[in-house]
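Asker: This is the structure I have questions about; it appears just below.
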Amino acid sequence: MSEAKLGAKERIVREALNLFAKKGFTETSVREIAEAVGIRASSLYSHFESKASILDYLLDDYKQYVNSQRPLARCWKRLTQNATAEDIMACLTLYFPEGEADYYRKMVVMLFQEQCRNETVREFMTKDMILWYEKYITDILNRLVEVGALCPSMDIAFWASLYANINYSSMARYVLGIGEEEPDFKGKRMEDMKRTLYETIFRLHGIRT
């Protein structure tokens with residue numbers, strides 16, 4: 001969305017996120033946010049009662065984005081007896097809204113910076129990211145057991161936890177600038193690692209194999 005189309009509240013949110021991603025939540029002051037927006041601090045308080053409330057708004061926005069993009073519903077039909085690793089990956093792919101990729105990438109940077117020093121962010125990372133993904137892959141694997149693609153005896157909790165940790169590692173590597181985001185990267189991509197995980201699940205627990 002262009003700056004010209006943003007309302008005052010949205011400009012505050014985006015400038016705050018820019019600063020949180022660059023400096024950190026603790027190091028950023030309300031005055032700095034207001035100056036970045038081009039308003040007085042008193043005007044900022046007419047939209048948000050505190051800096052913490054801006055953070056709450058950002059976290060809620062990210063949660064709504066992930067839930068709205070939860071692709072399991074639209075790819076459920078791919079989870080059949082003949083499902084493959086590609087079908088699982090299709091169910092786990094999140095798409096940034098057009099023109100909003102940078103906004104959500106800054107969100108990830110901010111989350112990883114603050115997770116060890118901000119209780120609100122730490123709780124969000126635990127419940128709404130790591131455990132959310134564990135529940136999500138659990139739903140997918142349970143579905144594949146139901147349709148006869150995977151063995152009922154497989155340890156779904158183990159594989160769900162393993163995927164959630166690989167996904168967390170993938171996001172951390174992005175924040176650190178390691179791996180496939182670099183133009184000259186020639187190693188194994190995290191997406192390839194995830195694909196290998198799903199292929200291993202089918203190889204070890206697939207009924208057709």
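Here's how to read the names in the structure tokens: chain A, B, ... by the order shown, residue numbers from 1 in each chain, ligand numbers from 1 in the order shown.
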Do a neighbour search on stretch 120-123 of chain A at 9 Å with only C-alpha atoms, toss out local chain neighbours closer than 6 positions, and write the hits as an MDAnalysis selection string.
Answerer: chainID A and resid 55:56 59 111:112 114
Asker: What's around A:Leu141 at 9 Å? Count only C-alpha atoms, leave out sequence neighbours fewer than 2 positions away in its own chain, and write the answer as an MDAnalysis selection string.
Answerer: chainID A and resid 88 136:139 143:146 150 156 159:160
Asker: As a PyMOL selection string, please: all residues of stretch 56-127 of chain A that backbone DSSP puts in helix (DSSP H, G or I).
Answerer: chain A and resi 56-69+72-78+85-91+101-114+119-127
Asker: Deliver the residues from the most recent selection as a file, using N, CA and C atoms, as a compact mmCIF listing (two decimals), in the first residue's frame.
Answerer:
# COMPACT_ATOMS: atom_id res chain seq x y z
N ASP A 56 1.19 -4.69 20.52
CA ASP A 56 0.04 -5.59 20.55
C ASP A 56 -0.71 -5.56 19.22
N TYR A 57 -0.84 -4.38 18.66
CA TYR A 57 -1.51 -4.23 17.36
C TYR A 57 -0.75 -4.99 16.27
N LEU A 58 0.58 -4.86 16.28
CA LEU A 58 1.40 -5.54 15.28
C LEU A 58 1.29 -7.05 15.40
N LEU A 59 1.34 -7.55 16.61
CA LEU A 59 1.24 -9.00 16.82
C LEU A 59 -0.12 -9.53 16.41
N ASP A 60 -1.16 -8.79 16.73
CA ASP A 60 -2.50 -9.22 16.34
C ASP A 60 -2.65 -9.20 14.83
N ASP A 61 -2.06 -8.20 14.19
CA ASP A 61 -2.11 -8.11 12.73
C ASP A 61 -1.42 -9.31 12.09
N TYR A 62 -0.25 -9.68 12.62
CA TYR A 62 0.48 -10.83 12.09
C TYR A 62 -0.31 -12.12 12.29
N LYS A 63 -0.93 -12.25 13.46
CA LYS A 63 -1.73 -13.44 13.75
C LYS A 63 -2.91 -13.55 12.78
N GLN A 64 -3.58 -12.43 12.54
CA GLN A 64 -4.70 -12.44 11.61
C GLN A 64 -4.25 -12.80 10.20
N TYR A 65 -3.08 -12.28 9.82
CA TYR A 65 -2.53 -12.60 8.49
C TYR A 65 -2.29 -14.10 8.35
N VAL A 66 -1.62 -14.69 9.33
CA VAL A 66 -1.32 -16.12 9.26
C VAL A 66 -2.60 -16.94 9.23
N ASN A 67 -3.56 -16.59 10.07
CA ASN A 67 -4.82 -17.34 10.10
C ASN A 67 -5.60 -17.19 8.80
N SER A 68 -5.55 -16.00 8.21
CA SER A 68 -6.28 -15.79 6.96
C SER A 68 -5.62 -16.51 5.80
N GLN A 69 -4.30 -16.72 5.91
CA GLN A 69 -3.56 -17.40 4.85
C GLN A 69 -3.44 -18.90 5.10
N LEU A 72 -4.68 -24.71 4.50
CA LEU A 72 -5.16 -26.08 4.57
C LEU A 72 -6.54 -26.23 3.93
N ALA A 73 -7.41 -25.27 4.14
CA ALA A 73 -8.77 -25.37 3.60
C ALA A 73 -8.77 -25.46 2.08
N ARG A 74 -7.96 -24.63 1.42
CA ARG A 74 -8.01 -24.61 -0.04
C ARG A 74 -7.21 -25.74 -0.69
N CYS A 75 -6.36 -26.43 0.08
CA CYS A 75 -5.61 -27.53 -0.52
C CYS A 75 -5.98 -28.87 0.12
N TRP A 76 -7.05 -28.87 0.91
CA TRP A 76 -7.48 -30.09 1.59
C TRP A 76 -7.69 -31.24 0.61
N LYS A 77 -8.18 -30.90 -0.58
CA LYS A 77 -8.46 -31.95 -1.57
C LYS A 77 -7.20 -32.64 -2.06
N ARG A 78 -6.03 -32.02 -1.82
CA ARG A 78 -4.77 -32.65 -2.24
C ARG A 78 -4.31 -33.70 -1.24
N ALA A 85 4.94 -35.39 -1.09
CA ALA A 85 5.59 -34.32 -0.33
C ALA A 85 5.18 -32.96 -0.86
N GLU A 86 5.00 -32.84 -2.17
CA GLU A 86 4.60 -31.56 -2.77
C GLU A 86 3.21 -31.15 -2.29
N ASP A 87 2.34 -32.10 -2.06
CA ASP A 87 1.00 -31.78 -1.58
C ASP A 87 1.04 -31.23 -0.16
N ILE A 88 1.91 -31.78 0.67
CA ILE A 88 2.07 -31.25 2.03
C ILE A 88 2.64 -29.83 1.96
N MET A 89 3.65 -29.63 1.12
CA MET A 89 4.26 -28.31 1.00
C MET A 89 3.25 -27.27 0.54
N ALA A 90 2.35 -27.68 -0.35
CA ALA A 90 1.31 -26.75 -0.82
C ALA A 90 0.41 -26.30 0.32
N CYS A 91 0.22 -27.17 1.29
CA CYS A 91 -0.63 -26.85 2.44
C CYS A 91 0.08 -25.97 3.46
N ALA A 101 5.14 -7.82 1.29
CA ALA A 101 6.18 -8.76 1.73
C ALA A 101 7.17 -8.09 2.68
N ASP A 102 7.58 -6.85 2.37
CA ASP A 102 8.56 -6.17 3.20
C ASP A 102 8.02 -5.91 4.60
N TYR A 103 6.75 -5.58 4.70
CA TYR A 103 6.12 -5.33 5.99
C TYR A 103 6.20 -6.57 6.88
N TYR A 104 5.84 -7.73 6.33
CA TYR A 104 5.83 -8.95 7.13
C TYR A 104 7.24 -9.48 7.38
N ARG A 105 8.16 -9.20 6.50
CA ARG A 105 9.55 -9.59 6.76
C ARG A 105 10.14 -8.78 7.91
N LYS A 106 9.81 -7.50 7.96
CA LYS A 106 10.25 -6.68 9.09
C LYS A 106 9.63 -7.20 10.39
N MET A 107 8.41 -7.69 10.29
CA MET A 107 7.74 -8.25 11.46
C MET A 107 8.54 -9.43 12.00
N VAL A 108 8.99 -10.30 11.11
CA VAL A 108 9.76 -11.47 11.52
C VAL A 108 11.08 -11.04 12.17
N VAL A 109 11.74 -10.06 11.57
CA VAL A 109 12.99 -9.55 12.14
C VAL A 109 12.75 -9.03 13.55
N MET A 110 11.70 -8.25 13.72
CA MET A 110 11.38 -7.69 15.04
C MET A 110 11.09 -8.80 16.05
N LEU A 111 10.34 -9.82 15.64
CA LEU A 111 9.99 -10.91 16.54
C LEU A 111 11.22 -11.64 17.05
N PHE A 112 12.14 -11.94 16.14
CA PHE A 112 13.33 -12.67 16.54
C PHE A 112 14.26 -11.82 17.40
N GLN A 113 14.28 -10.53 17.17
CA GLN A 113 15.11 -9.65 18.00
C GLN A 113 14.58 -9.55 19.42
N GLU A 114 13.27 -9.57 19.56
CA GLU A 114 12.66 -9.30 20.85
C GLU A 114 12.28 -10.54 21.65
N GLU A 119 8.50 -10.30 27.11
CA GLU A 119 7.61 -11.40 27.48
C GLU A 119 6.44 -11.55 26.52
N THR A 120 5.90 -10.42 26.06
CA THR A 120 4.77 -10.48 25.13
C THR A 120 5.17 -11.15 23.83
N VAL A 121 6.33 -10.77 23.30
CA VAL A 121 6.81 -11.37 22.06
C VAL A 121 7.16 -12.83 22.27
N ARG A 122 7.77 -13.14 23.39
CA ARG A 122 8.15 -14.52 23.69
C ARG A 122 6.91 -15.42 23.74
N GLU A 123 5.87 -14.95 24.37
CA GLU A 123 4.62 -15.72 24.44
C GLU A 123 4.02 -15.89 23.05
N PHE A 124 4.10 -14.84 22.25
CA PHE A 124 3.56 -14.89 20.89
C PHE A 124 4.35 -15.91 20.06
N MET A 125 5.67 -15.86 20.13
CA MET A 125 6.51 -16.78 19.37
C MET A 125 6.22 -18.23 19.77
N THR A 126 5.99 -18.45 21.05
CA THR A 126 5.74 -19.80 21.54
C THR A 126 4.37 -20.32 21.10
N LYS A 127 3.33 -19.55 21.40
CA LYS A 127 1.96 -20.02 21.16
C LYS A 127 1.50 -19.85 19.72
Asker: Need to verify the contact set: stretch 12-16 of chain A, 12 Å, only C-alpha atoms, exclusion of same-chain residues closer than 6 positions in sequence. Can you return it as a PDB file with C-alpha atoms, in the first residue's frame?
Answerer:
ATOM      1  CA  MET A   1       0.000   0.000   0.000  1.00  0.00           C
ATOM      2  CA  SER A   2       1.387   3.430  -0.926  1.00  0.00           C
ATOM      3  CA  GLU A   3       2.163   5.926   1.824  1.00  0.00           C
ATOM      4  CA  LEU A   6      -2.251   5.135   4.547  1.00  0.00           C
ATOM      5  CA  LYS A  22      16.149  -1.574  13.180  1.00  0.00           C
ATOM      6  CA  LYS A  23      16.655  -0.548  16.816  1.00  0.00           C
ATOM      7  CA  GLY A  24      14.531  -2.922  18.838  1.00  0.00           C
ATOM      8  CA  PHE A  25      11.329  -2.318  20.763  1.00  0.00           C
ATOM      9  CA  THR A  26      13.003  -1.271  24.020  1.00  0.00           C
ATOM     10  CA  GLU A  27      15.402   1.172  22.367  1.00  0.00           C
ATOM     11  CA  THR A  28      12.670   2.912  20.364  1.00  0.00           C
ATOM     12  CA  SER A  29      10.836   5.805  22.022  1.00  0.00           C
ATOM     13  CA  VAL A  30       7.333   7.081  21.361  1.00  0.00           C
ATOM     14  CA  ARG A  31       8.873  10.427  20.412  1.00  0.00           C
ATOM     15  CA  GLU A  32      10.987   8.757  17.715  1.00  0.00           C
ATOM     16  CA  ILE A  33       7.934   7.037  16.282  1.00  0.00           C
ATOM     17  CA  ALA A  34       5.999  10.300  16.221  1.00  0.00           C
ATOM     18  CA  GLU A  35       8.885  12.121  14.542  1.00  0.00           C
ATOM     19  CA  ALA A  36       9.143   9.389  11.888  1.00  0.00           C
ATOM     20  CA  VAL A  37       5.434   9.805  11.152  1.00  0.00           C
ATOM     21  CA  GLY A  38       5.675  13.597  11.209  1.00  0.00           C
ATOM     22  CA  ILE A  39       3.274  14.189  14.090  1.00  0.00           C
ATOM     23  CA  ARG A  40       3.495  15.238  17.723  1.00  0.00           C
ATOM     24  CA  ALA A  41       3.769  12.575  20.413  1.00  0.00           C
ATOM     25  CA  SER A  43      -1.199  13.121  18.486  1.00  0.00           C
ATOM     26  CA  LEU A  44       0.178   9.575  18.512  1.00  0.00           C
ATOM     27  CA  TYR A  45      -1.504   8.960  21.864  1.00  0.00           C
ATOM     28  CA  SER A  46      -4.878   9.686  20.283  1.00  0.00           C
ATOM     29  CA  HIS A  47      -4.408   6.445  18.296  1.00  0.00           C
ATOM     30  CA  PHE A  48      -2.412   4.278  20.733  1.00  0.00           C
ATOM     31  CA  SER A  50       1.305   3.362  24.699  1.00  0.00           C
ATOM     32  CA  LYS A  51       4.220   1.878  22.786  1.00  0.00           C
ATOM     33  CA  ALA A  52       3.181  -1.525  24.110  1.00  0.00           C
ATOM     34  CA  SER A  53      -0.247  -1.130  22.516  1.00  0.00           C
ATOM     35  CA  ILE A  54       1.439  -0.579  19.138  1.00  0.00           C
ATOM     36  CA  LEU A  55       3.298  -3.849  19.638  1.00  0.00           C
ATOM     37  CA  ASP A  56       0.036  -5.587  20.552  1.00  0.00           C
ATOM     38  CA  TYR A  57      -1.514  -4.229  17.363  1.00  0.00           C
ATOM     39  CA  LEU A  58       1.401  -5.543  15.277  1.00  0.00           C
ATOM     40  CA  LEU A  59       1.245  -9.004  16.825  1.00  0.00           C
ATOM     41  CA  ASP A  60      -2.500  -9.217  16.342  1.00  0.00           C
ATOM     42  CA  ASP A  61      -2.114  -8.113  12.728  1.00  0.00           C
ATOM     43  CA  GLU A 100       3.235  -6.331   1.652  1.00  0.00           C
ATOM     44  CA  ASP A 102       8.562  -6.167   3.203  1.00  0.00           C
ATOM     45  CA  TYR A 103       6.121  -5.333   5.993  1.00  0.00           C
ATOM     46  CA  TYR A 104       5.826  -8.952   7.126  1.00  0.00           C
ATOM     47  CA  LYS A 106      10.251  -6.683   9.092  1.00  0.00           C
ATOM     48  CA  MET A 107       7.742  -8.249  11.461  1.00  0.00           C
ATOM     49  CA  MET A 110      11.376  -7.691  15.036  1.00  0.00           C
TER      50      MET A 110
END
Asker: Choose the residue, out of A:Asn167, A:Ser153, A:Asn18, A:Ser42, that has the smallest atom-to-atom separation from A:Gly206; count only C-alpha atoms.
Answerer: A:Ser153
Asker: Could you please determine the separation between atom CA of A:Leu79 and atom CA of A:Ile140 in Å, to one decimal place?
Answerer: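 One can read the atom CA of A:Leu79 to atom CA of A:Ile140 distance as 7.7 Å.
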Asker: With only C-alpha atoms as the atoms that count, which of A:Met193, A:Ala21, A:Cys151, A:Leu204 lies nearest to A:Ile166?
Answerer: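 Among the listed residues, the smallest separation from A:Ile166 belongs to A:Met193.
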Asker: I'd like the contact shell of A:Ala157 - 9 Å cut-off, only C-alpha atoms, skipping same-chain residues fewer than 5 positions apart - returned as a count of residues only.
Answerer: 4
